[in-house]
Structures are given as structure tokens and as C-alpha cells.
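Asks: Dumping the structure here so I can ask a few things about it.
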Amino acid sequence: MKLNFRQAGEGRPLIILHGLFGSGDNWVTVTKPLAENFQVFVLDQRNHGRSPHSAEHSYPSMTADLVEFIEGYNLDSPFVLGHSMGGKTAIQLALTHPDLVSKLIVVDISPRYYTPHHQDVIAGLSAVDLVNLKSREQAEAAMLPHLPEVGVRQFLLKNLYRTESGGFDWRMNLKDIIKNIENIGTENTGRPFNKPTLFLRGEKSRYIQEDDRVIISSLFSNSKIETIAGAGHWVQAEKPKEFVESVIHFLNS
């Protein structure tokens with residue numbers, strides 16, 4: 001599958017992968033400073049953003065998309081960075097195609113299995129009546145009972161767009177993402193990856209816990225875990241300066 005992407009900067013290639021219900025548009029703030037140091041490729045993963053839709057949504061399929069992208073654009077040993085779902089895609093690439101990755105950065109996710117936990121988000125998105133929707137404000141009001149946090153609603157509403165006919169639709173393939181939601185927490189498996197790897201976690205997030213050090217060290221012998229103070233799960237959005245500094249320092253070291 002040919003993925004939509006944005007490109008900026010020059011130098012060593014750096015691929016960035018967003019998380020579930022996100023897109024490359026969420027990475028604008030950190031792309032600019034990173035593009036001063038690297039040739040940055042910000043991808044929309046399948047069923048997200050402006051990339052094609054598919055009934056299949058799994059880490060093998062998303063990894064295959066990533067392999068196609070790297071080989072299709074002749075990227076030589078790129079750095080790969082992924083957040084949450086994108087982090088699991090990046091992990092799977094490293095464990096199955098280590099020759100295609102120079103250094104790996106995984107943001108606030110572990111290789112372990114996660115039970116499905118996006119029920120509130122799915123309920124909020126499903127509450128939006130696209131057929132009769134008149135405004136973004138109406139959509140947000142429909143989501144409010146399920147998603148009280150304004151930041152979460154605004155993040156999700158970035159997927160809402162005006163169609164040519166004047167109505168509204170989601171850019172993401174919500175129907176098939178929901179059908180495949182159990183795949184999002186799948187445990188990553190493959191051969192251990194021995195190249196430099198950084199796991200970046202938010203201090204306030206519980207996605208990477210102390211017990212995860214065991215599975216991380218077993219799969220990534222040349223890895224370290226860093227914690228960004230004051231950040232939650234969306235590390236790059238909550239603490240962009242600290243995030244960029246950590247990424248640049250690791251990739252240039």
C-alpha cells in the first residue's frame with residue numbers, strides 16, 4: 001500500500017509514525033526542529049489521514065506498508081520513530097527487518113500485549129451522526145458524554161473534514177479500525193534487535209511500566225528507557241521541546 005507522507009529537511013532519513021486515530025498532521029510542531037537536523041518523512045499509516053483504506057489493519061500489514069515505503073524511496077538505513085500504535089509498527093519492523101533500520105525510537109509503548117482499552121473513544125466517535133451533522137461544534141457535543149477531556153475531543157476531531165458535497169466525513173477508516181481494534185494491542189514478536197534503541201515514556205503515562213523492562217531488554221539488548229518529566233501518553237505534544245532534544249541527542253550520539 002502506498003502511504004501518504006510529508007517530507008521536510010535534509011540529511012539522514014528519519015521516518016515518523018503516528019498513533020491510533022492520529023495522522024502525520026499531529027506532528028507539525030516537532031517536525032520543523034527535527035527537519036533542521038534530518039530528512040524527515042512523516043507518514044499516514046493505513047486507514048489514517050490521507051492514506052488508503054483497507055479492511056485489514058494489523059502490525060504485519062502496517063509493517064509491510066513501511067517496508068514498501070522504505071524500499072520504494074530507496075531510503076538507506078533510516079532512523080525510525082513511532083508513537084503508540086506507530087511505535088508497535090516500528091518495533092515490528094525492527095524485529096522482522098532489522099537491516100532496514102539504523103536506530104529505533106519507540107514513544108510510550110511496550111512490545112507487550114495490551115488489552116483493548118479504547119471503548120470510550122470508539123463510543124465518542126460512533127456518537128457523531130455524520131449523515132445529519134451540520135458543524136464541528138455539533139460533533140464535539142455528541143462526543144462530550146463519552147469523552148470529557150477537551151484535548152482528546154479536539155485531537156479526534158482533526159480527523160473530521162468537509163466533503164465535496166458539503167457534508168462531513170472521517171478521514172480515517174473508522175469502520176475497519178473498530179473491526180480490528182483487538183489487533184492494536186498485539187504483542188510484538190520476532191528476532192531480537194541489537195541496534196541502538198530508545199524507549200521514551202511520559203512520566204504521567206502508564207503505557208511503559210517498570211515490569212516492561214524485562215521484555216524490552218530481552219528483545220532490544222542495546223536499548224535504554226528515558227522518561228520525560230511532566231508528560232503523559234502524548235509525549236511529543238505535551239513536552240515538544242524536551243521530546244525533540246531527546247530525539248536529536250539519541251540519533252546524533
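Chain labels run A, B, ... following the order of the C-alpha cells; each chain numbers its residues from 1, and ligands are numbered from 1 in the order shown.
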Please list as a list in words every residue within 12 Å of A:Gly9, counting only C-alpha atoms and excluding residues in the same chain fewer than 6 positions away.

Replies: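 Contacts, in chain order: Ile15, Thr31, Lys32, Pro33, Leu34, Ala35, Glu36, Asn37, Phe38, Gln39, Val40, Phe41 and Val42 of chain A.
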
Asks: For the residues selected in the previous step, produce a file with C-alpha atoms as a PDB file, in the first residue's frame.

Replies:
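Final output, saved to selection-v8.pdb:
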ATOM      1  CA  ILE A  15      10.613   8.177   9.468  1.00  0.00           C
ATOM      2  CA  THR A  31       8.743  18.168  12.518  1.00  0.00           C
ATOM      3  CA  LYS A  32      10.187  21.660  11.978  1.00  0.00           C
ATOM      4  CA  PRO A  33      13.046  21.404  14.516  1.00  0.00           C
ATOM      5  CA  LEU A  34      13.731  17.789  13.563  1.00  0.00           C
ATOM      6  CA  ALA A  35      13.915  18.783   9.877  1.00  0.00           C
ATOM      7  CA  GLU A  36      16.782  21.126  10.752  1.00  0.00           C
ATOM      8  CA  ASN A  37      18.817  18.012  11.535  1.00  0.00           C
ATOM      9  CA  PHE A  38      17.366  15.213   9.398  1.00  0.00           C
ATOM     10  CA  GLN A  39      15.395  14.439   6.245  1.00  0.00           C
ATOM     11  CA  VAL A  40      12.042  13.786   7.895  1.00  0.00           C
ATOM     12  CA  PHE A  41       9.290  11.627   6.425  1.00  0.00           C
ATOM     13  CA  VAL A  42       6.015  11.832   8.379  1.00  0.00           C
TER      14      VAL A  42
END

Asks: At a cut-off of 9 Å, using only C-alpha atoms, what residues contact stretch 230-236 of chain A? Leave out same-chain residues fewer than 4 positions from it and give the result as a ChimeraX atom specification.

Replies: /A:27,29-30,83-84,107-109,200-207,240-244

Asks: Take the residues from that selection and put them in a file with C-alpha atoms, as a CSV table (one decimal), in the first residue's frame.

Replies:
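Output (again-v2.csv):
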chain,number,residue,atom,x,y,z
A,27,TRP,CA,3.5,16.1,14.2
A,29,THR,CA,5.2,21.1,15.8
A,30,VAL,CA,8.1,18.8,16.2
A,83,HIS,CA,4.4,6.7,18.9
A,84,SER,CA,1.9,4.3,20.5
A,107,VAL,CA,7.4,6.5,22.2
A,108,ASP,CA,5.3,5.5,25.1
A,109,ILE,CA,4.5,1.9,24.2
A,200,LEU,CA,10.7,7.4,25.5
A,201,ARG,CA,7.9,7.4,28.1
A,202,GLY,CA,5.8,10.1,29.7
A,203,GLU,CA,6.2,10.4,33.5
A,204,LYS,CA,2.4,10.5,33.9
A,205,SER,CA,1.7,7.7,31.5
A,206,ARG,CA,1.3,4.0,32.4
A,207,TYR,CA,1.9,2.6,29.0
A,240,PRO,CA,7.7,19.1,22.4
A,241,LYS,CA,11.0,20.9,23.4
A,242,GLU,CA,12.1,18.1,25.7
A,243,PHE,CA,11.0,15.4,23.2
A,244,VAL,CA,12.9,17.0,20.3

Asks: Any idea what the distance is between atom CA of A:Leu81 and atom CA of A:Pro52?

Replies: 21.3 Å

Asks: If we count only C-alpha atoms, what is near stretch 153-159 of chain A at a cut-off of 7 Å, once residues fewer than 3 positions away on the same chain are taken out, given as an mmCIF file with C-alpha atoms, in the first residue's frame?

Replies:
data_model
loop_
_atom_site.group_PDB
_atom_site.id
_atom_site.type_symbol
_atom_site.label_atom_id
_atom_site.label_comp_id
_atom_site.auth_asym_id
_atom_site.auth_seq_id
_atom_site.Cartn_x
_atom_site.Cartn_y
_atom_site.Cartn_z
ATOM 1 C CA PHE A 21 -6.732 7.756 15.402
ATOM 2 C CA GLU A 140 -17.993 17.739 19.689
ATOM 3 C CA LEU A 147 -15.042 11.941 26.207
ATOM 4 C CA GLU A 149 -11.392 15.718 28.185
ATOM 5 C CA VAL A 150 -11.429 18.604 25.714
ATOM 6 C CA TRP A 170 -13.886 10.982 8.848
ATOM 7 C CA ARG A 171 -10.549 10.795 7.069
ATOM 8 C CA MET A 172 -9.763 7.637 8.991
#

Asks: Please indicate the distance in Å from atom CA of A:Arg50 to atom CA of A:Glu245, rounded to one decimal place.

Replies: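 Interatomic distance here is 29.0 Å.
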
Asks: Restricting the calculation to only C-alpha atoms, which member of A:Asp211, A:Pro116, A:Leu160, A:Pro192 is positioned closest to A:Asp129?

Replies: A:Leu160

Asks: Within 9 Å of A:Asn4, counting only C-alpha atoms, which residues show up once you throw out same-chain ones fewer than 4 positions away? Write them as a PDB file with C-alpha atoms, in the first residue's frame, please.

Replies:
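The new file part.pdb reads:
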ATOM      1  CA  GLY A  24       1.012  12.944  10.227  1.00  0.00           C
ATOM      2  CA  VAL A  42       6.015  11.832   8.379  1.00  0.00           C
ATOM      3  CA  LEU A  43       3.713   9.028   7.257  1.00  0.00           C
ATOM      4  CA  ASP A  44      -0.032   8.462   7.472  1.00  0.00           C
ATOM      5  CA  GLN A  45      -0.424   4.788   8.334  1.00  0.00           C
ATOM      6  CA  ARG A  46      -3.097   2.750   6.545  1.00  0.00           C
ATOM      7  CA  GLY A  49      -5.054  10.518   7.404  1.00  0.00           C
ATOM      8  CA  ARG A  50      -4.881  10.599   3.624  1.00  0.00           C
ATOM      9  CA  SER A  51      -3.524   7.085   3.170  1.00  0.00           C
ATOM     10  CA  PRO A  52      -5.642   4.373   1.517  1.00  0.00           C
TER      11      PRO A  52
END

Asks: Neighbouring residues of A:Gly124 were defined as those with any atom within 9 Å, considering only C-alpha atoms; residues of the same chain fewer than 2 positions away were excluded. Please report them as a compact mmCIF listing (two decimals) with N, CA and C atoms, in the first residue's frame.

Replies:
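File produced: part.txt:
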# COMPACT_ATOMS: atom_id res chain seq x y z
N GLN A 119 -12.57 1.88 24.35
CA GLN A 119 -14.03 1.83 24.25
C GLN A 119 -14.65 3.23 24.30
N ASP A 120 -14.15 4.10 25.17
CA ASP A 120 -14.72 5.45 25.29
C ASP A 120 -14.52 6.25 24.00
N VAL A 121 -13.32 6.10 23.41
CA VAL A 121 -13.05 6.82 22.16
C VAL A 121 -13.95 6.31 21.05
N ILE A 122 -14.10 5.01 20.95
CA ILE A 122 -14.96 4.44 19.92
C ILE A 122 -16.41 4.88 20.12
N SER A 126 -18.43 7.11 17.47
CA SER A 126 -19.64 6.50 16.92
C SER A 126 -20.88 7.32 17.22
N ALA A 127 -20.81 8.19 18.22
CA ALA A 127 -21.96 9.01 18.59
C ALA A 127 -22.20 10.15 17.61
N VAL A 128 -21.21 10.43 16.78
CA VAL A 128 -21.34 11.52 15.80
C VAL A 128 -22.16 11.04 14.61
N GLU A 140 -18.63 17.75 18.37
CA GLU A 140 -17.99 17.74 19.69
C GLU A 140 -19.02 17.55 20.80
N ALA A 142 -21.74 15.85 20.60
CA ALA A 142 -22.14 14.44 20.60
C ALA A 142 -21.09 13.57 21.29
N MET A 143 -19.83 13.96 21.21
CA MET A 143 -18.74 13.19 21.80
C MET A 143 -18.60 13.43 23.30
N LEU A 144 -19.06 14.58 23.76
CA LEU A 144 -18.83 15.03 25.15
C LEU A 144 -19.23 14.01 26.21
N PRO A 145 -20.39 13.36 26.13
CA PRO A 145 -20.76 12.42 27.20
C PRO A 145 -19.79 11.25 27.35
N HIS A 146 -19.10 10.91 26.29
CA HIS A 146 -18.18 9.77 26.31
C HIS A 146 -16.73 10.21 26.55
N LEU A 147 -16.42 11.45 26.16
CA LEU A 147 -15.04 11.94 26.21
C LEU A 147 -15.02 13.32 26.87
N ARG A 153 -11.04 15.24 22.65
CA ARG A 153 -12.05 15.53 21.62
C ARG A 153 -11.43 16.32 20.46
